[in-house]
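> This structure is in structure tokens; I'll ask about it shortly.
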Amino acid sequence: MTLHADHSLRIVVDATDLHAGLTGERQLEQREVPSESRITLRSLKAGEVWKHDGGKLLEVLVVRGRLSLNGETLGPASYARLAPGVPASFEATEAGLVYLNERTPMEPEKDSYALRG
């Protein structure tokens, strides 16, 4: 674990177990300055549901599997960006792996969108 000049905390992560299909979450980076943020890699089992309360900007990149985001299906290489104030419900329609970047934006963010891979 190393503290960098940009005040981020970077951690070398062994995510072999997540890539192999085990469920769980690994923190990749966490910052408190200049704005609070957290980047994680999360493995989901089929049927698993989780909710985003909309408190922060959330970026989701589907690495493997399929997710339903408020009823919209996203597969591998799909990307979703949810502005603060936009809550969401996610369901893994099949086992998968997602990259999550949750942060407090430094400037007002209003745009939310999803791009299918």
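Naming scheme: A, B, ... for chains in displayed order of the structure tokens; residues 1 onward per chain; ligands 1 onward as shown.
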Neighbouring residues of segment 104-116 of chain A were defined as those with any atom within 6 Å, considering only C-alpha atoms; residues of the same chain fewer than 6 positions away were excluded. Please report them as a list in words.
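Listing them by chain and then by number gives Ser35, Glu36, Lys56, Leu74, Ser78, Tyr79, Ala80, Arg81, Leu82 and Ala83 of chain A.
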> Suppose we keep C-alpha atoms; can you now write the selection as a CSV table (one decimal), in the first residue's frame?

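New file again_15.csv:
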```csv
chain,number,residue,atom,x,y,z
A,35,SER,CA,-12.7,14.8,-3.7
A,36,GLU,CA,-13.9,11.6,-2.0
A,56,LYS,CA,-22.4,10.2,-5.5
A,74,LEU,CA,-25.9,-4.4,-20.1
A,78,SER,CA,-21.0,-1.8,-21.4
A,79,TYR,CA,-20.6,1.4,-19.5
A,80,ALA,CA,-23.1,3.3,-17.4
A,81,ARG,CA,-22.7,6.8,-15.8
A,82,LEU,CA,-25.2,7.8,-13.1
A,83,ALA,CA,-25.1,11.5,-11.9
```
> Write out as a ChimeraX atom specification each polymer residue whose atoms come within 7 Å of Glu48 of chain A, counting only C-alpha atoms; drop sequence neighbours fewer than 3 positions from it.
/A:44-45,91-92
> For those residues, write C-alpha atoms to a file as a tab-separated table (two decimals), in the first residue's frame.

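This is the output file part_5.tsv:
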```tsv
chain	number	residue	atom	x	y	z
A	44	LEU	CA	-21.54	-10.86	-8.64
A	45	LYS	CA	-23.36	-14.17	-8.61
A	91	GLU	CA	-29.31	-7.20	-10.82
A	92	ALA	CA	-26.79	-9.70	-12.15
```
> A:Val49, A:Val98, A:Leu58, A:Ala77: which is nearest Arg26 of chain A, counting only C-alpha atoms?
A:Val98
> Name the closest residue to Gly75 of chain A among the candidates A:Leu100, A:Leu57, A:Ala95, A:Ala88; distances are taken between atoms, counting only C-alpha atoms.
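Smallest distance to Gly75 of chain A is found for A:Ala95.
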> Using Å and a single decimal, report how far atom CA of Ile39 of chain A sits from atom CA of Gly117 of chain A.
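Computed distance, atom CA of Gly117 of chain A to atom CA of Ile39 of chain A, equals 20.6 Å.
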